[in-house]
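As provided, start.csv (CSV, C-alpha atoms) reads as follows.
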```csv
chain,number,residue,atom,x,y,z
A,1,MET,CA,19.2,21.8,-10.8
A,2,SER,CA,17.1,23.2,-8.0
A,3,LYS,CA,16.2,20.2,-5.8
A,4,ILE,CA,12.8,19.8,-4.1
A,5,LYS,CA,13.4,19.5,-0.4
A,6,VAL,CA,11.4,16.8,1.4
A,7,GLY,CA,10.7,15.9,5.1
A,8,VAL,CA,10.0,12.3,6.1
A,9,VAL,CA,7.9,11.5,9.3
A,10,GLY,CA,8.5,8.1,10.9
A,11,THR,CA,11.4,5.7,10.7
A,12,GLY,CA,9.9,2.2,11.1
A,13,PHE,CA,9.9,-0.3,8.2
A,14,ILE,CA,8.3,2.0,5.5
A,15,GLY,CA,10.0,5.4,6.3
A,16,PRO,CA,13.5,4.3,5.3
A,17,ALA,CA,11.9,2.6,2.2
A,18,HIS,CA,10.5,6.0,1.2
A,19,ILE,CA,13.9,7.6,1.8
A,20,GLU,CA,15.8,5.1,-0.3
A,21,ALA,CA,13.3,5.5,-3.2
A,22,LEU,CA,13.4,9.3,-3.0
A,23,ARG,CA,17.2,9.4,-3.1
A,24,ARG,CA,17.0,7.7,-6.5
A,25,LEU,CA,15.2,10.8,-8.0
A,26,PRO,CA,17.6,13.4,-9.3
A,27,ASN,CA,15.4,16.4,-8.5
A,28,VAL,CA,14.6,15.4,-4.8
A,29,GLU,CA,16.6,15.8,-1.6
A,30,VAL,CA,15.5,14.3,1.7
A,31,THR,CA,16.5,17.1,4.0
A,32,ALA,CA,14.6,16.6,7.3
A,33,LEU,CA,13.6,13.6,9.4
A,34,CYS,CA,11.0,13.7,12.1
A,35,GLU,CA,10.4,11.3,15.0
A,36,VAL,CA,8.4,11.4,18.2
A,37,ASN,CA,11.1,13.2,20.0
A,38,ILE,CA,14.3,15.0,19.0
A,39,GLU,CA,16.6,12.5,20.6
A,40,LEU,CA,15.2,9.6,18.5
A,41,ALA,CA,15.1,11.9,15.4
A,42,THR,CA,18.8,12.8,15.9
A,43,ALA,CA,19.8,9.1,16.3
A,44,LYS,CA,17.8,8.0,13.2
A,45,ALA,CA,19.0,11.0,11.1
A,46,ALA,CA,22.6,10.1,11.9
A,47,GLN,CA,22.0,6.5,10.8
A,48,LEU,CA,20.3,7.5,7.6
A,49,GLY,CA,22.5,10.4,6.7
A,50,ILE,CA,19.8,13.1,6.8
A,51,GLU,CA,20.8,16.7,7.6
A,52,ARG,CA,18.0,17.9,9.9
A,53,PRO,CA,16.5,15.9,12.7
A,54,CYS,CA,13.3,17.5,14.0
A,55,THR,CA,10.0,17.2,15.7
A,56,PHE,CA,6.8,17.4,13.7
A,57,GLU,CA,6.1,21.0,14.7
A,58,GLN,CA,9.7,22.0,13.7
A,59,LEU,CA,9.2,20.2,10.3
A,60,LEU,CA,6.0,22.2,9.5
A,61,ALA,CA,7.8,25.4,10.3
A,62,MET,CA,10.6,24.8,7.8
A,63,GLU,CA,9.7,27.0,4.9
A,64,ASP,CA,12.0,25.3,2.3
A,65,ILE,CA,10.4,21.9,2.8
A,66,ALA,CA,8.0,21.5,-0.1
A,67,CYS,CA,6.6,18.0,0.6
A,68,VAL,CA,6.1,15.8,3.6
A,69,HIS,CA,5.9,12.0,3.6
A,70,ILE,CA,3.7,10.6,6.4
A,71,CYS,CA,5.2,7.1,7.4
A,72,THR,CA,3.8,6.9,10.9
A,73,PRO,CA,1.4,4.4,12.5
A,74,ASN,CA,-2.2,4.6,11.1
A,75,PHE,CA,-3.8,6.7,13.9
A,76,LEU,CA,-1.5,9.6,13.1
A,77,HIS,CA,-2.1,9.8,9.3
A,78,TYR,CA,-5.1,12.0,9.5
A,79,SER,CA,-3.8,14.6,12.0
A,80,GLN,CA,-0.4,14.8,10.4
A,81,SER,CA,-1.6,15.0,6.8
A,82,LYS,CA,-4.1,17.7,7.8
A,83,ALA,CA,-1.5,19.7,9.6
A,84,ALA,CA,0.9,19.4,6.7
A,85,LEU,CA,-1.7,20.6,4.2
A,86,LEU,CA,-2.6,23.5,6.4
A,87,ALA,CA,1.1,24.4,6.5
A,88,GLY,CA,1.1,24.6,2.7
A,89,LYS,CA,3.1,21.4,2.2
A,90,HIS,CA,2.4,18.8,-0.5
A,91,VAL,CA,1.7,15.4,1.2
A,92,VAL,CA,2.5,11.7,0.4
A,93,CYS,CA,0.7,9.6,3.0
A,94,GLU,CA,1.0,5.9,3.8
A,95,LYS,CA,-2.1,3.8,3.6
A,96,PRO,CA,-4.6,3.8,5.2
A,97,LEU,CA,-5.3,7.5,4.7
A,98,ALA,CA,-7.1,7.7,8.0
A,99,LYS,CA,-8.8,5.6,10.7
A,100,ASP,CA,-12.3,6.2,9.5
A,101,LEU,CA,-14.3,7.6,6.6
A,102,HIS,CA,-15.1,10.9,8.2
A,103,GLU,CA,-11.4,11.7,8.6
A,104,ALA,CA,-10.6,10.6,5.1
A,105,GLU,CA,-13.5,12.6,3.6
A,106,GLU,CA,-12.2,15.7,5.4
A,107,LEU,CA,-8.7,15.2,4.1
A,108,VAL,CA,-9.9,14.7,0.5
A,109,ALA,CA,-11.9,18.0,0.8
A,110,LEU,CA,-9.0,19.9,2.3
A,111,ALA,CA,-6.6,18.6,-0.3
A,112,LYS,CA,-8.9,19.7,-3.1
A,113,GLU,CA,-9.4,23.1,-1.5
A,114,THR,CA,-5.7,23.8,-1.1
A,115,GLY,CA,-4.8,22.4,-4.6
A,116,LEU,CA,-1.7,20.9,-3.1
A,117,VAL,CA,-0.3,17.6,-4.4
A,118,ASN,CA,-1.7,14.7,-2.4
A,119,ALA,CA,-0.8,11.0,-2.9
A,120,VAL,CA,-1.3,7.7,-1.0
A,121,HIS,CA,1.4,5.1,-1.2
A,122,PHE,CA,-0.4,2.3,-3.1
A,123,ASN,CA,3.0,1.5,-4.6
A,124,LEU,CA,2.1,-2.0,-5.8
A,125,ARG,CA,0.3,-0.4,-8.8
A,126,TYR,CA,3.8,0.5,-10.0
A,127,TYR,CA,5.1,-2.9,-10.9
A,128,PRO,CA,5.5,-2.3,-14.6
A,129,LEU,CA,3.6,-5.5,-15.5
A,130,VAL,CA,0.6,-4.3,-13.4
A,131,ARG,CA,0.5,-1.2,-15.6
A,132,GLN,CA,0.9,-3.5,-18.6
A,133,MET,CA,-2.2,-5.5,-17.6
A,134,LYS,CA,-4.2,-2.3,-17.0
A,135,THR,CA,-3.1,-1.0,-20.5
A,136,MET,CA,-3.9,-4.3,-22.2
A,137,ARG,CA,-7.4,-4.3,-20.6
A,138,GLU,CA,-7.9,-0.6,-21.7
A,139,LYS,CA,-6.9,-1.5,-25.3
A,140,GLY,CA,-9.3,-4.5,-25.4
A,141,ASP,CA,-6.7,-7.3,-25.2
A,142,LEU,CA,-8.4,-8.9,-22.2
A,143,GLY,CA,-12.0,-8.5,-23.1
A,144,ASP,CA,-14.9,-8.1,-20.6
A,145,VAL,CA,-13.8,-9.1,-17.1
A,146,TYR,CA,-15.5,-12.4,-16.2
A,147,SER,CA,-13.9,-13.1,-12.8
A,148,VAL,CA,-11.1,-12.1,-10.5
A,149,ILE,CA,-9.3,-14.4,-8.0
A,150,GLY,CA,-6.8,-12.6,-5.7
A,151,SER,CA,-4.7,-13.3,-2.6
A,152,TYR,CA,-2.2,-11.5,-0.5
A,153,LEU,CA,-0.3,-13.8,1.8
A,154,GLN,CA,2.4,-13.1,4.4
A,155,ASP,CA,3.9,-15.0,7.3
A,156,TRP,CA,5.4,-12.3,9.5
A,157,LEU,CA,2.6,-12.8,12.1
A,158,PHE,CA,2.8,-16.6,11.9
A,159,TYR,CA,3.9,-17.2,15.5
A,160,GLU,CA,2.0,-16.1,18.7
A,161,THR,CA,5.3,-14.3,19.7
A,162,ASP,CA,5.1,-12.2,16.5
A,163,TYR,CA,4.0,-8.7,17.5
A,164,ASN,CA,3.7,-5.2,16.1
A,165,TRP,CA,1.7,-2.0,16.7
A,166,ARG,CA,-0.6,-3.1,13.8
A,167,LEU,CA,-2.1,-5.6,16.2
A,168,GLU,CA,-3.4,-2.8,18.5
A,169,PRO,CA,-6.8,-1.3,17.2
A,170,ASP,CA,-6.2,2.0,18.9
A,171,LYS,CA,-3.1,2.5,16.7
A,172,SER,CA,-4.1,0.5,13.6
A,173,GLY,CA,-7.9,0.4,13.5
A,174,ASP,CA,-10.5,-2.4,13.9
A,175,SER,CA,-9.3,-4.3,10.8
A,176,ARG,CA,-5.7,-5.5,10.3
A,177,ALA,CA,-5.0,-8.0,7.5
A,178,ILE,CA,-7.7,-6.5,5.3
A,179,ALA,CA,-6.8,-2.8,6.1
A,180,ASP,CA,-3.0,-3.4,6.0
A,181,ILE,CA,-2.5,-5.6,2.9
A,182,GLY,CA,-6.0,-6.2,1.7
A,183,SER,CA,-6.2,-2.5,0.8
A,184,HIS,CA,-3.4,-3.0,-1.7
A,185,LEU,CA,-5.2,-6.0,-3.2
A,186,MET,CA,-8.5,-4.2,-3.5
A,187,ASP,CA,-6.9,-1.1,-5.0
A,188,ILE,CA,-4.9,-3.1,-7.6
A,189,ILE,CA,-8.0,-5.1,-8.7
A,190,GLU,CA,-10.0,-2.0,-9.4
A,191,TYR,CA,-6.9,-0.3,-11.0
A,192,ILE,CA,-6.3,-3.1,-13.5
A,193,THR,CA,-9.9,-4.0,-14.3
A,194,GLY,CA,-11.5,-0.6,-14.3
A,195,LEU,CA,-14.4,-2.2,-12.4
A,196,LYS,CA,-15.9,-0.9,-9.1
A,197,THR,CA,-16.6,-3.3,-6.2
A,198,VAL,CA,-20.3,-2.8,-5.4
A,199,GLU,CA,-21.0,-5.5,-2.8
A,200,VAL,CA,-18.9,-7.7,-0.4
A,201,MET,CA,-19.4,-10.8,1.7
A,202,ALA,CA,-16.6,-11.3,4.3
A,203,ASP,CA,-15.5,-13.9,6.8
A,204,PHE,CA,-12.6,-13.3,9.2
A,205,ASN,CA,-10.6,-15.5,11.4
A,206,THR,CA,-8.2,-14.7,14.3
A,207,ILE,CA,-5.8,-17.7,14.5
A,208,HIS,CA,-3.9,-16.4,17.6
A,209,LYS,CA,-6.6,-15.0,19.9
A,210,THR,CA,-3.8,-14.2,22.4
A,211,ARG,CA,-0.4,-13.0,21.5
A,212,LYS,CA,2.8,-12.5,23.4
A,213,LYS,CA,3.7,-8.8,23.3
A,214,PRO,CA,7.4,-8.1,23.7
A,215,LEU,CA,8.3,-5.9,26.7
A,216,LYS,CA,11.4,-4.8,24.7
A,217,PRO,CA,11.3,-3.2,21.2
A,218,VAL,CA,11.5,-5.5,18.2
A,219,GLU,CA,11.6,-4.1,14.6
A,220,THR,CA,9.1,-5.3,12.0
A,221,TYR,CA,10.3,-8.2,9.9
A,222,SER,CA,13.4,-8.6,12.0
A,223,GLY,CA,12.7,-12.2,13.0
A,224,LYS,CA,14.3,-11.6,16.4
A,225,MET,CA,13.2,-13.8,19.3
A,226,LEU,CA,13.2,-12.8,23.0
A,227,GLN,CA,13.1,-14.9,26.2
A,228,PRO,CA,9.8,-16.0,27.8
A,229,GLU,CA,10.0,-13.5,30.6
A,230,ASP,CA,10.3,-10.7,28.0
A,231,TYR,CA,6.6,-11.1,26.9
A,232,ALA,CA,3.2,-10.2,28.2
A,233,ASP,CA,0.0,-12.0,27.0
A,234,VAL,CA,-2.4,-9.7,25.0
A,235,PRO,CA,-5.8,-10.5,23.6
A,236,ILE,CA,-6.2,-10.0,19.9
A,237,THR,CA,-9.4,-8.8,18.3
A,238,THR,CA,-8.3,-8.2,14.7
A,239,GLU,CA,-8.1,-10.7,11.8
A,240,ASP,CA,-5.1,-12.9,10.9
A,241,HIS,CA,-6.9,-14.3,7.9
A,242,ALA,CA,-9.9,-13.2,5.8
A,243,ASN,CA,-11.9,-14.5,2.8
A,244,VAL,CA,-14.1,-12.0,0.8
A,245,LEU,CA,-16.5,-12.6,-2.0
A,246,LEU,CA,-16.9,-9.6,-4.4
A,247,ARG,CA,-19.6,-8.4,-6.8
A,248,PHE,CA,-18.5,-5.9,-9.5
A,249,ASP,CA,-20.5,-3.2,-11.3
A,250,ASN,CA,-20.4,-5.2,-14.6
A,251,GLY,CA,-22.4,-8.0,-12.9
A,252,ASN,CA,-19.6,-10.4,-12.5
A,253,ARG,CA,-17.8,-11.8,-9.5
A,254,GLY,CA,-14.5,-12.2,-7.6
A,255,SER,CA,-13.0,-13.6,-4.5
A,256,VAL,CA,-9.9,-12.7,-2.4
A,257,THR,CA,-8.0,-14.3,0.5
A,258,VAL,CA,-5.8,-12.3,2.8
A,259,SER,CA,-3.5,-13.9,5.4
A,260,GLN,CA,-0.6,-12.8,7.6
A,261,VAL,CA,-0.1,-16.3,9.0
A,262,SER,CA,0.8,-18.3,5.8
A,263,ALA,CA,4.2,-19.9,6.5
A,264,GLY,CA,6.7,-19.3,3.7
A,265,ARG,CA,4.8,-16.5,2.0
A,266,LYS,CA,6.8,-13.5,2.7
A,267,ASN,CA,5.0,-10.9,0.7
A,268,GLN,CA,3.0,-12.5,-2.1
A,269,LEU,CA,0.2,-10.7,-3.9
A,270,LYS,CA,-1.3,-12.9,-6.6
A,271,LEU,CA,-4.0,-12.1,-9.2
A,272,GLU,CA,-5.8,-14.1,-11.8
A,273,ILE,CA,-8.1,-12.0,-14.0
A,274,SER,CA,-10.2,-13.8,-16.5
A,275,GLY,CA,-11.7,-11.9,-19.4
A,276,GLY,CA,-13.6,-12.6,-22.6
A,277,LYS,CA,-10.4,-13.0,-24.6
A,278,LYS,CA,-7.6,-14.0,-22.3
A,279,THR,CA,-6.6,-14.6,-18.6
A,280,PHE,CA,-3.9,-12.6,-16.9
A,281,ALA,CA,-2.0,-14.0,-13.9
A,282,PHE,CA,0.5,-12.1,-11.8
A,283,ASN,CA,2.6,-12.9,-8.7
A,284,SER,CA,4.4,-10.1,-6.9
A,285,GLU,CA,7.1,-12.4,-5.6
A,286,ALA,CA,8.0,-13.0,-9.3
A,287,PRO,CA,7.0,-9.6,-10.6
A,288,ASN,CA,9.0,-9.6,-13.9
A,289,GLU,CA,6.6,-11.8,-15.8
A,290,ILE,CA,2.9,-12.3,-16.3
A,291,TRP,CA,1.2,-15.4,-17.6
A,292,ILE,CA,-1.3,-14.9,-20.4
A,293,GLY,CA,-3.8,-17.7,-20.9
A,294,ASN,CA,-5.6,-18.5,-24.2
A,295,ARG,CA,-8.5,-20.9,-24.9
A,296,ASP,CA,-7.6,-21.6,-28.6
A,297,GLY,CA,-3.9,-21.2,-28.7
A,298,TYR,CA,-0.6,-21.4,-26.9
A,299,ASN,CA,-0.4,-19.8,-23.4
A,300,GLN,CA,2.2,-17.1,-23.2
A,301,SER,CA,4.7,-15.7,-20.7
A,302,LEU,CA,5.5,-12.0,-21.0
A,303,MET,CA,8.8,-10.9,-19.5
A,304,ARG,CA,9.2,-7.4,-18.2
A,305,ASP,CA,11.0,-5.7,-21.1
A,306,PRO,CA,10.5,-2.1,-22.3
A,307,SER,CA,10.8,-3.2,-25.9
A,308,LEU,CA,7.9,-5.7,-25.5
A,309,ALA,CA,5.5,-3.6,-23.3
A,310,TYR,CA,3.0,-0.9,-24.2
A,311,PRO,CA,4.6,2.6,-23.8
A,312,GLU,CA,2.4,3.2,-20.7
A,313,ALA,CA,4.1,0.3,-19.0
A,314,SER,CA,7.6,0.8,-20.4
A,315,ALA,CA,7.5,4.3,-18.8
A,316,LEU,CA,7.9,2.5,-15.4
A,317,MET,CA,10.9,0.4,-16.5
A,318,THR,CA,14.4,1.8,-15.8
A,319,PHE,CA,16.4,-1.2,-17.0
A,320,PRO,CA,16.3,-3.5,-20.1
A,321,GLY,CA,14.7,-6.9,-20.2
A,322,GLY,CA,16.5,-9.5,-18.1
A,323,HIS,CA,17.6,-6.9,-15.6
A,324,ASN,CA,15.1,-7.5,-12.9
A,325,GLU,CA,13.2,-4.7,-11.1
A,326,GLY,CA,11.2,-5.2,-7.9
A,327,PHE,CA,9.6,-3.8,-4.8
A,328,PRO,CA,11.9,-0.8,-4.1
A,329,ASP,CA,11.4,0.3,-7.7
A,330,THR,CA,7.6,0.6,-7.3
A,331,SER,CA,8.0,3.4,-4.8
A,332,LYS,CA,10.6,5.1,-7.0
A,333,GLN,CA,8.3,5.1,-10.0
A,334,LEU,CA,5.3,6.3,-8.0
A,335,PHE,CA,7.4,9.2,-6.5
A,336,LYS,CA,8.7,10.0,-10.0
A,337,GLU,CA,5.1,10.8,-11.0
A,338,VAL,CA,4.3,12.6,-7.8
A,339,TYR,CA,7.3,14.8,-7.9
A,340,ALA,CA,6.6,15.9,-11.5
A,341,ALA,CA,3.4,17.3,-10.0
A,342,VAL,CA,5.2,18.8,-7.0
A,343,ALA,CA,7.6,20.5,-9.5
A,344,ALA,CA,4.6,22.0,-11.2
A,345,GLY,CA,3.3,23.2,-7.9
A,346,LYS,CA,-0.2,21.7,-7.8
A,347,GLN,CA,-2.3,18.6,-8.1
A,348,PRO,CA,-2.9,17.8,-11.8
A,349,GLU,CA,-6.5,17.6,-13.0
A,350,ASN,CA,-6.2,13.8,-13.8
A,351,PRO,CA,-3.3,12.4,-11.7
A,352,THR,CA,-1.7,9.2,-12.8
A,353,TYR,CA,-0.8,8.3,-9.2
A,354,PRO,CA,-3.1,7.3,-6.4
A,355,THR,CA,-4.5,10.3,-4.5
A,356,PHE,CA,-6.3,11.0,-1.3
A,357,ALA,CA,-9.5,10.2,-3.2
A,358,ASP,CA,-8.2,6.7,-3.9
A,359,GLY,CA,-7.2,6.4,-0.2
A,360,TYR,CA,-10.9,7.3,0.7
A,361,ARG,CA,-12.1,4.7,-1.8
A,362,GLU,CA,-10.0,1.9,-0.3
A,363,LEU,CA,-11.0,2.8,3.2
A,364,LEU,CA,-14.6,2.7,2.2
A,365,ILE,CA,-14.2,-0.8,0.7
A,366,CYS,CA,-12.3,-2.0,3.8
A,367,GLU,CA,-14.9,-0.6,6.2
A,368,ARG,CA,-17.7,-2.4,4.2
A,369,ILE,CA,-15.8,-5.6,4.4
A,370,LEU,CA,-15.5,-5.2,8.1
A,371,ASP,CA,-19.3,-4.5,8.3
A,372,SER,CA,-19.9,-7.6,6.3
A,373,HIS,CA,-17.9,-9.8,8.6
A,374,ARG,CA,-19.7,-8.4,11.7
A,375,SER,CA,-23.1,-8.9,10.2
A,376,GLN,CA,-22.2,-12.1,8.3
A,377,SER,CA,-24.1,-10.8,5.3
A,378,TRP,CA,-23.7,-9.1,1.9
A,379,VAL,CA,-23.0,-5.4,2.3
A,380,LYS,CA,-23.2,-2.8,-0.4
A,381,VAL,CA,-20.1,-0.6,-1.0
```
Is it possible to express this structure as structure tokens?
Amino acid sequence: MSKIKVGVVGTGFIGPAHIEALRRLPNVEVTALCEVNIELATAKAAQLGIERPCTFEQLLAMEDIACVHICTPNFLHYSQSKAALLAGKHVVCEKPLAKDLHEAEELVALAKETGLVNAVHFNLRYYPLVRQMKTMREKGDLGDVYSVIGSYLQDWLFYETDYNWRLEPDKSGDSRAIADIGSHLMDIIEYITGLKTVEVMADFNTIHKTRKKPLKPVETYSGKMLQPEDYADVPITTEDHANVLLRFDNGNRGSVTVSQVSAGRKNQLKLEISGGKKTFAFNSEAPNEIWIGNRDGYNQSLMRDPSLAYPEASALMTFPGGHNEGFPDTSKQLFKEVYAAVAAGKQPENPTYPTFADGYRELLICERILDSHRSQSWVKV
């Protein structure tokens, strides 16, 4: 089998997650690893067992690299994705696609012009039971969507000493909790329901208006603590917590809460979607079952099992029922679909995976949510 050679850019939390998922695909080989300088690239490549450490310019010059994964801080997504496309590489980019709509629109247009495969890492779509809920809705099992209640809660910024580049607007953008995890939530709501969010009303809160920035490097989610003299006080302007009311294009309503300061919630996306026939409830911290509510009969619990799911959902299941699959499997299943397109050499007409156009859509919704918070009013999407 001729393997597709891949280069990964960035080695923070998500870069190695991409690498681990890619290594589970039989037709893909992670060949090159890029960092800000060759010294760091060399050290990280040795740790991760990757053959070629390189700078970004060196990566683009490698003719045998077919696809590039952009896993860098947000402010680099646009320039690196653009450069990779112009170099003739297929691109998988972390979300958000860019820092503003103008950049994202340019990337969507360039990707369309080149015909190259383009994808955004909205991997939470790839929990098999998320696909099951989407398929059940498409087949009429849910009925018309009456309401959506969603939340995405984390605690990794619970303490004032918790710090990361995502807290700095010049690297991450003017929104943080909504742009970082809220984008996953808004994407998955539209993906499952088939509805479009047409209007938003948002209210943000910054719990820690000053944080203590470490003067030494601390990895995301590491939980490591430094000494008092190792910190500098930094003012914070982005949100720790956000509430958003939603209006959908079918005339019905929803609400979401996003927080990065909820003690004990490590990475919990929850959804409750109520339709004219049933209600679906899903919790990403227990992703191998969904609750199905009924008015005139027993409520049900559907376990992740390929023999019980629709074929569209069982296609995302590698193991039988009772053999749990989780977060790392979502990236593998997304990349499986992406690399089928890479093997074919071009973006399909109707991709099953999230594309740059989906990245633009979520950036649009997040910017309108930010506009709503600033104006304290309803804003059209």
All residues 12 Å or closer to A:Glu285, all atoms listed in the file, same chain fewer than 6 positions away omitted, as number ranges by chain: A: 124, 127, 152-154, 264-271, 324-327
Non-local contacts of A:Gly10 (10 Å; all atoms listed in the file; under 5 positions in same chain excluded) as an NGL selection string: :A and (15-16 or 33-36 or 41 or 44 or 56 or 69-73)
Dump C-alpha atoms for the selected residues as a compact mmCIF listing (two decimals), in the frame of the given file?
```
# COMPACT_ATOMS: atom_id res chain seq x y z
CA GLY A 15 10.00 5.40 6.30
CA PRO A 16 13.50 4.30 5.30
CA LEU A 33 13.60 13.60 9.40
CA CYS A 34 11.00 13.70 12.10
CA GLU A 35 10.40 11.30 15.00
CA VAL A 36 8.40 11.40 18.20
CA ALA A 41 15.10 11.90 15.40
CA LYS A 44 17.80 8.00 13.20
CA PHE A 56 6.80 17.40 13.70
CA HIS A 69 5.90 12.00 3.60
CA ILE A 70 3.70 10.60 6.40
CA CYS A 71 5.20 7.10 7.40
CA THR A 72 3.80 6.90 10.90
CA PRO A 73 1.40 4.40 12.50
```
Two-atom distance - atom CA of A:Val381, atom CA of A:Val130 (Å):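 Interatomic distance, atom CA of A:Val381 to atom CA of A:Val130: 24.4 Å.
Of the residues under consideration (A:Ala343, A:Leu116, A:Met136, A:Ala286), A:Leu116 shows the shortest atom-to-atom contact distance to A:Val91 when counting only C-alpha atoms.
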Taking only residues of stretch 141-214 of chain A that have an atom at most 10 Å from an atom of stretch 362-372 of chain A, what is each one's shortest atom pair and its distance in Å to one decimal, using only C-alpha atoms, in chain and number order, as JSON lines?
```
{"residue": "A:Asp174", "atom": "CA", "partner": "A:Leu370", "partner_atom": "CA", "distance": 8.2}
{"residue": "A:Ser175", "atom": "CA", "partner": "A:Leu370", "partner_atom": "CA", "distance": 6.8}
{"residue": "A:Arg176", "atom": "CA", "partner": "A:Cys366", "partner_atom": "CA", "distance": 9.9}
{"residue": "A:Ile178", "atom": "CA", "partner": "A:Cys366", "partner_atom": "CA", "distance": 6.6}
{"residue": "A:Ala179", "atom": "CA", "partner": "A:Cys366", "partner_atom": "CA", "distance": 6.0}
{"residue": "A:Asp180", "atom": "CA", "partner": "A:Cys366", "partner_atom": "CA", "distance": 9.7}
{"residue": "A:Gly182", "atom": "CA", "partner": "A:Cys366", "partner_atom": "CA", "distance": 7.9}
{"residue": "A:Ser183", "atom": "CA", "partner": "A:Glu362", "partner_atom": "CA", "distance": 5.9}
{"residue": "A:His184", "atom": "CA", "partner": "A:Glu362", "partner_atom": "CA", "distance": 8.3}
{"residue": "A:Leu185", "atom": "CA", "partner": "A:Glu362", "partner_atom": "CA", "distance": 9.7}
{"residue": "A:Met186", "atom": "CA", "partner": "A:Glu362", "partner_atom": "CA", "distance": 7.0}
{"residue": "A:Asp187", "atom": "CA", "partner": "A:Glu362", "partner_atom": "CA", "distance": 6.4}
{"residue": "A:Glu190", "atom": "CA", "partner": "A:Glu362", "partner_atom": "CA", "distance": 9.9}
{"residue": "A:Lys196", "atom": "CA", "partner": "A:Ile365", "partner_atom": "CA", "distance": 9.9}
{"residue": "A:Thr197", "atom": "CA", "partner": "A:Ile365", "partner_atom": "CA", "distance": 7.7}
{"residue": "A:Val198", "atom": "CA", "partner": "A:Ile365", "partner_atom": "CA", "distance": 8.9}
{"residue": "A:Glu199", "atom": "CA", "partner": "A:Arg368", "partner_atom": "CA", "distance": 8.3}
{"residue": "A:Val200", "atom": "CA", "partner": "A:Ile369", "partner_atom": "CA", "distance": 6.1}
{"residue": "A:Met201", "atom": "CA", "partner": "A:Ser372", "partner_atom": "CA", "distance": 5.6}
{"residue": "A:Ala202", "atom": "CA", "partner": "A:Ser372", "partner_atom": "CA", "distance": 5.3}
{"residue": "A:Asp203", "atom": "CA", "partner": "A:Ser372", "partner_atom": "CA", "distance": 7.7}
{"residue": "A:Phe204", "atom": "CA", "partner": "A:Leu370", "partner_atom": "CA", "distance": 8.7}
```
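Closest approach to A:Val145 from the set A:Gln227, A:Asn252, A:Thr210, A:Asn123 is made by A:Asn252, with distances taken over all atoms listed in the file.
Shortest separation to A:Ala177 among A:Ala111, A:Val258, A:Ala84, A:Met303 occurs at residue A:Val258, atoms counted being only C-alpha atoms.
We find atom CA of A:Ile273 and atom CA of A:Ala313 to be spaced 18.0 Å apart.
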Residue nearest A:Glu229 among A:His373, A:Lys213, A:His241, A:His18 (counting only C-alpha atoms):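 Going through A:His373, A:Lys213, A:His241, A:His18 one by one, the smallest distance to A:Glu229 is for A:Lys213.
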Near-A:Leu215 list (9 Å; only C-alpha atoms; drop same-chain fewer than 5 positions) as number ranges by chain: A: 229-232
Separation of atom CA of A:Leu246 from atom CA of A:Asp144, in Å and rounded to one decimal: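 Separating atom CA of A:Leu246 from atom CA of A:Asp144 is a distance of 16.4 Å.
Closest approach to A:Arg52 among A:Gly7, A:Pro128, A:Gly140, A:Pro214 is made by A:Gly7 (distances from all atoms listed in the file).
Between A:Ile192 and the residues A:Ala357, A:Val120, A:Ala281, A:Leu157, the shortest atom-to-atom distance, using all atoms listed in the file, involves A:Ala281.
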